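To be precise, the following lines are work.tsv, and they hold TSV, C-alpha atoms.
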```tsv
chain	number	residue	atom	x	y	z
M	1	ASP	CA	-14.38	57.72	-81.42
M	2	ALA	CA	-16.55	55.73	-83.79
M	3	ASP	CA	-15.77	57.80	-86.86
M	4	VAL	CA	-12.01	57.49	-86.28
M	5	ALA	CA	-12.27	53.73	-85.76
M	6	THR	CA	-13.90	53.29	-89.17
M	7	GLN	CA	-11.07	54.97	-91.06
M	8	THR	CA	-8.37	52.63	-92.40
M	9	SER	CA	-5.92	54.85	-94.22
M	10	GLU	CA	-2.22	54.98	-93.41
M	11	SER	CA	-0.72	56.62	-90.34
M	12	PRO	CA	0.96	60.04	-90.35
M	13	PHE	CA	4.25	58.22	-89.70
M	14	GLY	CA	4.01	56.08	-92.83
M	15	SER	CA	1.91	53.19	-94.02
M	16	PRO	CA	1.59	50.13	-91.72
M	17	GLY	CA	4.11	48.28	-93.84
M	18	SER	CA	6.54	51.12	-94.39
M	19	ALA	CA	10.03	51.32	-92.93
M	20	GLY	CA	9.14	54.37	-90.87
M	21	TRP	CA	6.90	54.76	-87.85
M	22	GLN	CA	4.27	52.13	-87.07
M	23	SER	CA	1.81	51.63	-84.22
M	24	ALA	CA	-0.88	49.21	-83.18
M	25	GLY	CA	-4.40	50.62	-83.22
M	26	SER	CA	-6.53	52.80	-85.50
M	27	TRP	CA	-5.12	55.86	-87.21
M	28	PRO	CA	-6.83	59.01	-88.46
M	29	ALA	CA	-7.12	59.42	-92.24
M	30	GLU	CA	-4.14	60.81	-94.08
M	31	GLU	CA	-4.59	64.55	-94.58
M	32	SER	CA	-2.41	67.41	-95.61
M	33	ALA	CA	-0.44	69.23	-92.93
M	34	SER	CA	-2.86	72.18	-93.09
M	35	GLU	CA	-5.88	69.91	-92.47
M	36	LEU	CA	-4.34	67.74	-89.74
M	37	PRO	CA	-2.94	69.95	-86.94
M	38	ALA	CA	-2.85	67.17	-84.35
M	39	ALA	CA	-2.80	63.46	-85.13
M	40	ARG	CA	-2.80	60.95	-82.31
M	41	VAL	CA	-0.96	57.78	-81.47
M	42	PRO	CA	-3.13	55.28	-79.54
M	43	ARG	CA	-2.32	55.26	-75.84
M	44	ARG	CA	-2.03	51.49	-75.78
M	45	GLY	CA	-0.12	51.31	-79.03
M	46	VAL	CA	3.47	50.31	-79.69
M	47	VAL	CA	5.42	52.77	-81.80
M	48	SER	CA	7.79	50.96	-84.17
M	49	VAL	CA	10.76	52.75	-85.67
M	50	SER	CA	13.29	51.36	-88.11
M	51	GLU	CA	16.96	50.96	-87.33
M	52	ASP	CA	17.96	53.82	-89.65
M	53	ARG	CA	15.30	56.18	-88.32
M	54	LEU	CA	16.27	55.46	-84.71
M	55	GLU	CA	19.93	56.14	-85.49
M	56	TRP	CA	18.98	59.52	-86.95
M	57	LEU	CA	16.73	60.38	-84.01
M	58	LEU	CA	19.40	59.48	-81.47
M	59	SER	CA	21.90	61.71	-83.25
M	60	GLU	CA	19.38	64.54	-82.96
M	61	GLN	CA	18.52	63.81	-79.33
M	62	GLY	CA	22.05	63.40	-78.01
M	63	GLY	CA	21.89	59.62	-77.63
M	64	TRP	CA	18.53	58.96	-76.03
M	65	PHE	CA	14.86	58.79	-77.00
M	66	PRO	CA	12.48	60.80	-74.72
M	67	LEU	CA	9.39	59.21	-76.28
M	68	ALA	CA	10.31	55.86	-74.70
M	69	ALA	CA	9.84	57.29	-71.19
M	70	SER	CA	6.05	57.31	-71.66
M	71	GLN	CA	5.33	55.10	-74.69
M	72	LEU	CA	6.24	51.56	-75.68
M	73	VAL	CA	8.78	51.77	-78.50
M	74	ARG	CA	10.06	48.99	-80.71
M	75	THR	CA	12.92	49.11	-83.18
M	76	TYR	CA	13.73	46.54	-85.85
M	77	PRO	CA	16.64	45.74	-88.22
M	78	SER	CA	16.86	47.44	-91.57
M	79	PRO	CA	15.25	45.42	-94.39
M	80	THR	CA	18.47	45.80	-96.36
M	81	ARG	CA	20.26	43.36	-94.01
M	82	TRP	CA	20.04	40.57	-96.59
M	83	TRP	CA	22.22	38.17	-94.57
M	84	SER	CA	20.12	38.52	-91.40
M	85	THR	CA	22.81	40.40	-89.54
M	86	ASN	CA	21.85	42.55	-86.56
M	87	PRO	CA	22.39	46.13	-85.40
M	88	ASP	CA	24.05	46.93	-82.10
M	89	PRO	CA	21.25	46.84	-79.48
M	90	LEU	CA	23.23	48.73	-76.83
M	91	ALA	CA	22.46	52.17	-78.29
M	92	ALA	CA	18.72	51.41	-78.39
M	93	TRP	CA	18.69	50.07	-74.82
M	94	ARG	CA	20.70	53.07	-73.66
M	95	ALA	CA	18.13	55.35	-75.27
M	96	GLY	CA	15.31	53.68	-73.33
M	97	VAL	CA	13.77	51.65	-76.17
M	98	GLN	CA	11.82	48.77	-74.63
M	99	MET	CA	11.83	46.27	-77.50
M	100	VAL	CA	14.77	45.71	-79.85
M	101	ALA	CA	13.83	43.17	-82.51
M	102	LEU	CA	16.72	41.03	-83.75
M	103	ASN	CA	17.28	38.30	-86.34
M	104	MET	CA	17.48	35.49	-83.79
M	105	GLN	CA	18.46	32.96	-86.46
M	106	THR	CA	21.90	34.63	-86.53
M	107	ASN	CA	23.84	34.11	-83.32
M	108	ASP	CA	26.09	37.14	-83.74
M	109	LEU	CA	27.31	39.52	-81.02
M	110	PRO	CA	24.01	41.48	-80.73
M	111	VAL	CA	22.06	38.25	-80.13
M	112	GLN	CA	24.64	37.09	-77.58
M	113	LEU	CA	24.25	40.38	-75.68
M	114	HIS	CA	20.46	40.05	-75.89
M	115	ASP	CA	20.65	36.55	-74.39
M	116	ALA	CA	22.74	37.77	-71.46
M	117	LEU	CA	20.31	40.58	-70.63
M	118	PHE	CA	17.13	38.50	-70.76
M	119	ARG	CA	18.17	34.88	-70.11
M	120	GLU	CA	17.88	34.93	-66.31
M	121	SER	CA	14.92	37.32	-66.11
M	122	GLY	CA	12.40	35.29	-68.07
M	123	GLY	CA	12.38	37.79	-70.93
M	124	TYR	CA	11.81	40.97	-68.91
M	125	ALA	CA	14.40	43.43	-67.59
M	126	LEU	CA	13.40	46.65	-65.80
M	127	LYS	CA	14.87	49.83	-67.24
M	128	PRO	CA	16.68	52.24	-64.89
M	129	ALA	CA	14.21	54.54	-63.13
M	130	ALA	CA	15.60	57.64	-64.86
M	131	LEU	CA	14.70	56.18	-68.27
M	132	ARG	CA	11.18	55.28	-67.13
M	133	ALA	CA	10.45	58.77	-65.74
M	134	PRO	CA	13.14	61.40	-66.41
M	135	PRO	CA	13.86	63.63	-63.36
M	136	GLY	CA	11.58	66.65	-63.22
M	137	GLN	CA	9.26	65.23	-65.89
M	138	ALA	CA	7.31	62.52	-64.03
M	139	SER	CA	4.30	64.67	-63.18
M	140	THR	CA	4.20	67.18	-66.04
M	141	PRO	CA	4.46	65.75	-69.55
M	142	PRO	CA	6.61	67.84	-71.90
M	143	LYS	CA	4.79	69.70	-74.64
M	144	ARG	CA	7.46	70.00	-77.25
M	145	GLY	CA	8.49	67.29	-79.58
M	146	LEU	CA	10.65	66.29	-82.44
M	147	THR	CA	10.34	66.55	-86.19
M	148	THR	CA	12.03	64.47	-88.81
M	149	PRO	CA	12.74	65.25	-92.44
M	150	LYS	CA	9.80	64.57	-94.72
M	151	GLY	CA	9.91	61.22	-96.40
M	152	ARG	CA	12.75	59.81	-94.26
M	153	GLY	CA	11.93	56.20	-93.44
M	154	GLY	CA	8.41	56.29	-94.93
M	155	SER	CA	5.68	58.54	-96.23
M	156	GLY	CA	4.41	61.31	-93.99
M	157	GLY	CA	7.47	60.96	-91.78
M	158	ASP	CA	7.67	64.73	-91.24
M	159	ARG	CA	5.15	64.98	-88.44
M	160	LEU	CA	4.83	63.32	-85.07
M	161	SER	CA	2.06	65.07	-83.24
M	162	ARG	CA	0.64	63.67	-80.01
M	163	VAL	CA	1.78	60.56	-78.14
M	164	GLN	CA	0.24	59.84	-74.73
M	165	GLY	CA	-0.17	63.50	-73.95
M	166	LEU	CA	3.14	64.50	-75.56
M	167	GLU	CA	2.14	67.29	-77.94
M	168	MET	CA	4.41	67.36	-80.95
M	169	ASP	CA	4.92	70.69	-82.69
M	170	GLN	CA	5.85	70.40	-86.35
M	171	ASN	CA	7.73	73.68	-86.28
M	172	GLU	CA	9.95	72.78	-83.32
M	173	SER	CA	13.32	71.21	-83.92
M	174	SER	CA	14.21	67.86	-82.41
M	175	SER	CA	16.95	69.44	-80.34
M	176	GLN	CA	14.35	71.36	-78.36
M	177	LEU	CA	12.80	68.14	-77.13
M	178	GLY	CA	16.17	66.89	-75.97
M	179	SER	CA	16.82	70.09	-74.03
M	180	SER	CA	13.37	70.06	-72.44
M	181	LEU	CA	13.84	66.52	-71.10
M	182	THR	CA	17.41	66.70	-69.88
M	183	VAL	CA	18.46	67.99	-66.50
M	184	GLN	CA	20.78	71.00	-66.72
M	185	GLY	CA	21.93	69.91	-70.16
M	186	LYS	CA	22.80	66.36	-69.04
M	187	LEU	CA	21.25	63.07	-70.07
M	188	PRO	CA	19.02	61.52	-67.40
M	189	TRP	CA	21.04	58.29	-67.26
M	190	PRO	CA	23.56	57.09	-66.26
M	191	PRO	CA	24.09	59.34	-63.21
M	192	PRO	CA	27.56	60.22	-61.91
M	193	ARG	CA	28.91	57.65	-59.47
M	194	GLU	CA	31.38	58.17	-56.63
M	195	GLU	CA	32.46	54.53	-56.78
M	196	VAL	CA	32.75	51.88	-59.49
M	197	HIS	CA	32.06	48.19	-59.14
M	198	ARG	CA	35.19	46.02	-59.54
M	199	THR	CA	34.95	42.31	-60.33
M	200	GLU	CA	38.24	40.46	-60.06
M	201	LEU	CA	38.13	37.61	-62.54
M	202	LYS	CA	40.89	35.04	-62.19
M	203	VAL	CA	40.92	32.71	-65.20
M	204	LEU	CA	42.29	29.46	-63.82
M	205	SER	CA	41.77	26.68	-66.37
M	206	LEU	CA	39.74	25.50	-69.37
M	207	HIS	CA	38.28	22.01	-69.51
M	208	ARG	CA	37.33	19.73	-72.41
M	209	LEU	CA	37.27	22.16	-75.28
M	210	PRO	CA	36.19	20.23	-78.40
M	211	THR	CA	38.84	19.58	-81.01
M	212	ARG	CA	38.65	21.47	-84.29
M	213	ASP	CA	36.60	18.74	-85.99
M	214	GLU	CA	34.52	17.73	-82.96
M	215	CYS	CA	31.03	18.86	-81.90
M	216	ARG	CA	29.45	18.00	-78.53
M	217	PRO	CA	26.16	19.89	-78.24
M	218	LEU	CA	24.18	19.75	-75.00
M	219	LEU	CA	20.63	19.93	-76.33
M	220	ALA	CA	19.01	20.69	-72.99
M	221	GLU	CA	17.51	24.14	-73.55
M	222	PRO	CA	13.85	24.55	-74.61
M	223	ARG	CA	14.71	26.23	-77.90
M	224	HIS	CA	16.25	23.02	-79.27
M	225	SER	CA	12.84	21.37	-79.42
M	226	PHE	CA	11.43	23.90	-81.88
M	227	ALA	CA	14.59	25.27	-83.56
M	228	SER	CA	16.65	22.15	-84.06
M	229	HIS	CA	17.92	23.42	-87.41
M	230	LEU	CA	19.69	26.24	-85.53
M	231	SER	CA	21.41	23.83	-83.12
M	232	ASP	CA	24.58	21.80	-83.54
M	233	SER	CA	24.72	18.14	-84.51
M	234	PRO	CA	27.00	15.72	-82.65
M	235	CYS	CA	30.25	14.87	-84.41
M	236	PRO	CA	33.01	12.72	-82.82
M	237	PRO	CA	36.66	13.80	-82.98
M	238	SER	CA	38.77	12.37	-85.78
M	239	GLY	CA	41.85	11.88	-83.65
M	240	ALA	CA	44.06	13.68	-86.16
M	241	ARG	CA	46.91	15.67	-84.66
M	242	ALA	CA	45.95	18.70	-86.76
M	243	SER	CA	42.62	18.89	-84.97
M	244	VAL	CA	44.18	19.74	-81.59
M	245	SER	CA	43.30	23.26	-80.43
M	246	SER	CA	45.62	26.00	-79.17
M	247	PRO	CA	43.18	28.18	-77.21
M	248	ARG	CA	43.37	31.50	-75.49
M	249	VAL	CA	40.69	33.29	-73.42
M	250	ALA	CA	39.47	36.84	-74.03
M	251	VAL	CA	37.54	38.91	-71.46
M	252	GLU	CA	35.28	41.63	-72.88
M	253	LEU	CA	32.86	44.19	-71.43
M	254	TYR	CA	29.84	45.77	-73.16
M	255	ALA	CA	27.95	48.44	-71.21
M	256	ILE	CA	24.47	49.77	-71.87
M	257	GLY	CA	25.69	52.88	-70.07
M	258	GLY	CA	28.34	54.17	-67.70
M	259	PHE	CA	32.11	53.81	-67.41
M	260	HIS	CA	33.50	50.33	-68.04
M	261	ALA	CA	36.98	48.93	-68.60
M	262	VAL	CA	39.02	45.72	-68.37
M	263	SER	CA	42.40	46.01	-66.71
M	264	ARG	CA	45.15	43.89	-65.23
M	265	GLU	CA	45.36	46.31	-62.30
M	266	PRO	CA	42.60	47.37	-59.85
M	267	GLN	CA	43.16	51.00	-60.84
M	268	PRO	CA	44.12	51.21	-64.54
M	269	GLN	CA	46.41	53.89	-65.80
M	270	PRO	CA	44.78	56.73	-67.80
M	271	GLU	CA	45.96	55.29	-71.11
M	272	ALA	CA	44.30	51.93	-70.26
M	273	GLN	CA	40.94	53.26	-69.11
M	274	GLY	CA	39.33	52.84	-72.53
M	275	VAL	CA	40.32	49.17	-72.85
M	276	THR	CA	37.31	46.81	-72.89
M	277	ARG	CA	39.02	43.61	-74.06
M	278	LEU	CA	42.07	41.69	-72.81
M	279	THR	CA	43.35	38.18	-73.59
M	280	THR	CA	45.38	35.47	-71.90
M	281	ALA	CA	48.44	33.78	-73.32
M	282	VAL	CA	47.92	30.98	-75.87
M	283	ALA	CA	47.97	27.39	-74.59
M	284	GLU	CA	49.81	25.69	-77.45
M	285	GLY	CA	48.44	22.29	-78.43
M	286	ASN	CA	46.27	21.84	-75.34
M	287	GLY	CA	42.51	22.23	-75.57
M	288	LEU	CA	41.79	19.46	-73.06
M	289	ASN	CA	42.84	21.08	-69.79
M	290	PRO	CA	45.03	24.19	-70.29
M	291	THR	CA	45.95	26.30	-67.27
M	292	PHE	CA	46.08	30.11	-67.61
M	293	ASP	CA	46.13	31.52	-64.05
M	294	GLU	CA	45.70	35.15	-65.19
M	295	THR	CA	43.73	37.87	-63.40
M	296	PHE	CA	41.54	40.55	-64.93
M	297	HIS	CA	39.74	43.42	-63.24
M	298	CYS	CA	36.37	44.35	-64.72
M	299	LEU	CA	35.38	47.89	-63.74
M	300	ALA	CA	31.86	49.16	-64.28
M	301	ALA	CA	29.90	52.12	-62.95
M	302	GLU	CA	26.64	50.28	-63.76
M	303	PRO	CA	27.37	46.56	-63.18
M	304	HIS	CA	23.74	45.47	-63.64
M	305	GLN	CA	23.71	47.20	-67.04
M	306	THR	CA	27.09	45.81	-68.14
M	307	ILE	CA	27.56	42.53	-69.98
M	308	LEU	CA	30.61	40.31	-69.53
M	309	ARG	CA	31.54	38.23	-72.55
M	310	VAL	CA	34.16	35.50	-72.14
M	311	VAL	CA	35.47	34.14	-75.44
M	312	VAL	CA	37.69	31.16	-76.22
M	313	GLU	CA	39.63	31.62	-79.45
M	314	ASP	CA	41.69	29.18	-81.47
M	315	GLU	CA	44.04	30.84	-83.98
M	316	GLY	CA	41.89	33.98	-83.88
M	317	ARG	CA	38.64	32.07	-84.49
M	318	LEU	CA	35.82	32.02	-81.93
M	319	VAL	CA	35.23	28.44	-80.79
M	320	ALA	CA	33.37	28.95	-77.49
M	321	TYR	CA	31.89	31.77	-75.46
M	322	GLU	CA	29.44	32.79	-72.76
M	323	THR	CA	27.78	36.10	-71.88
M	324	VAL	CA	26.47	37.09	-68.43
M	325	MET	CA	25.49	40.27	-66.63
M	326	LEU	CA	28.51	41.47	-64.68
M	327	GLY	CA	26.44	42.34	-61.61
M	328	SER	CA	24.99	38.81	-61.39
M	329	LEU	CA	28.31	37.03	-60.78
M	330	ARG	CA	28.74	35.39	-57.38
M	331	CYS	CA	32.01	35.29	-55.47
M	332	GLY	CA	34.14	32.18	-55.10
M	333	TYR	CA	35.24	29.41	-57.43
M	334	ARG	CA	32.80	29.11	-60.34
M	335	CYS	CA	32.48	27.01	-63.50
M	336	LEU	CA	31.32	28.98	-66.52
M	337	HIS	CA	29.58	26.59	-68.92
M	338	LEU	CA	30.59	27.56	-72.47
M	339	ARG	CA	28.59	27.67	-75.72
M	340	SER	CA	29.52	26.94	-79.30
M	341	PRO	CA	29.39	29.74	-81.93
M	342	SER	CA	25.79	28.71	-82.71
M	343	GLY	CA	24.75	29.47	-79.12
M	344	THR	CA	24.32	25.81	-78.09
M	345	GLN	CA	25.92	24.77	-74.81
M	346	ILE	CA	28.90	22.42	-75.20
M	347	ASP	CA	28.67	19.22	-73.22
M	348	SER	CA	31.17	19.14	-70.30
M	349	CYS	CA	33.05	22.22	-71.53
M	350	CYS	CA	33.63	24.87	-68.88
M	351	LEU	CA	35.99	27.57	-67.73
M	352	LEU	CA	37.10	27.52	-64.10
M	353	LEU	CA	37.15	30.99	-62.55
M	354	HIS	CA	37.69	32.61	-59.18
M	355	ILE	CA	35.53	35.69	-58.69
M	356	SER	CA	35.73	38.42	-56.07
M	357	VAL	CA	33.88	41.71	-55.90
M	358	ALA	CA	34.88	45.09	-54.46
M	359	THR	CA	34.47	48.81	-55.12
M	360	GLU	CA	36.97	51.43	-56.18
M	361	PRO	CA	36.81	55.25	-56.01
M	362	ASN	CA	35.61	56.66	-59.30
M	363	THR	CA	38.63	58.61	-60.47
M	364	PHE	CA	37.81	58.09	-64.12
M	365	GLY	CA	35.74	61.24	-64.62
M	366	THR	CA	32.61	59.45	-65.92
```
Could you write out this file's structure as structure tokens?
Amino acid sequence: DADVATQTSESPFGSPGSAGWQSAGSWPAEESASELPAARVPRRGVVSVSEDRLEWLLSEQGGWFPLAASQLVRTYPSPTRWWSTNPDPLAAWRAGVQMVALNMQTNDLPVQLHDALFRESGGYALKPAALRAPPGQASTPPKRGLTTPKGRGGSGGDRLSRVQGLEMDQNESSSQLGSSLTVQGKLPWPPPREEVHRTELKVLSLHRLPTRDECRPLLAEPRHSFASHLSDSPCPPSGARASVSSPRVAVELYAIGGFHAVSREPQPQPEAQGVTRLTTAVAEGNGLNPTFDETFHCLAAEPHQTILRVVVEDEGRLVAYETVMLGSLRCGYRCLHLRSPSGTQIDSCCLLLHISVATEPNTFGT
């Protein structure tokens, strides 16, 4: 309405610049709880929630965020991250949050996982159907909501009233929302699976790893044209014997949801089912063309929501890596083009793999 559009005071979730809730659009004037029984979030708005607030909400909701099933939600790093580090995005993605803002100038593990999820999709990845419309809730919006402690993450953070037809009751606890949107006490995703996806990854050989004082960036990606200061600069090898690498390869799995494990056997023993990282032997003094010939089995109940990270280490230090979605790997002999720690592809540096895919009965209980 016209009278609402003319008001410019802060939202009931905090001021537009606060670390609490934010949304695009016009907000009703700030009033006391007795005078404002039902505030509204614009239907086309984006609700922003800080990293700390989201962590608290997920602990109250059992690990997921029902609001994201019907409203665009964005989360962003805490302003106290002075060194531009990043929070783990997996928990936010698992909760259904559509947009996880990261400090892209820091190519740490969260940014590497982000690149794997969105690199091949042009910046858009569809959430699982259960997170878009929880079972039993697609046609009838729930009427009970969550409350947060007053003042947590911004002024007025104690009331969240109505979001796209979701009526929020200030006197209801956040646990009641979680129970109203789960199915028989279970989270809507991931569902139980009778089989798990198994990717057999045979690490054959590594080729042309730069020496310890060498840098061979392949400046072929679009980002190098507008973020050159975040890319590597070419540097020839010195030829010194001390610069020769002694690499080993690590295979890691990171799942947005569902069972996942890395094993040397197709069916890992119970004590090995929680392992998500394994390494090869060290190739002493050979970074040019070391041969490993070791096999790893990557098990995942949700392969298209599981990220494979292959890391090359030299004396415990990351020197090259690549991240891909496990479900996107094709069978056969493949060359995995590796990146430097800054995220820039390394010219002519690749890992030769043999990949095969199968399924295994899900005897892991998850």
Neighbours of region 189-191 of chain M within 7 Å (only C-alpha atoms; same-chain residues fewer than 2 positions away dropped), as a ChimeraX atom specification? /M:130-131,187,193,257-258
Nearest candidate to His354 (chain M) (options M:Glu315, M:Glu200, M:Glu265, M:Asp232; using all atoms listed in the file): M:Glu200
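The residue that comes closest to Gly63 (chain M), out of M:Trp93, M:Ser78, M:Ala125, M:Val47 and on the basis of only C-alpha atoms, is M:Trp93.
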Close residues, Thr306 (chain M) itself excluded, 6 Å, all atoms listed in the file, min 3 positions apart in chain, as a short mmCIF file (atom, residue, chain, number, x, y, z; two decimals) with C-alpha atoms, in the frame of the given file:
```cif
data_model
loop_
_atom_site.label_atom_id
_atom_site.label_comp_id
_atom_site.auth_asym_id
_atom_site.auth_seq_id
_atom_site.Cartn_x
_atom_site.Cartn_y
_atom_site.Cartn_z
CA TYR M 254 29.84 45.77 -73.16
CA ALA M 255 27.95 48.44 -71.21
CA PRO M 303 27.37 46.56 -63.18
CA MET M 325 25.49 40.27 -66.63
CA LEU M 326 28.51 41.47 -64.68
#
```
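The space between CA of Gly285 (chain M) and CA of Leu253 (chain M) spans 27.8 Å.
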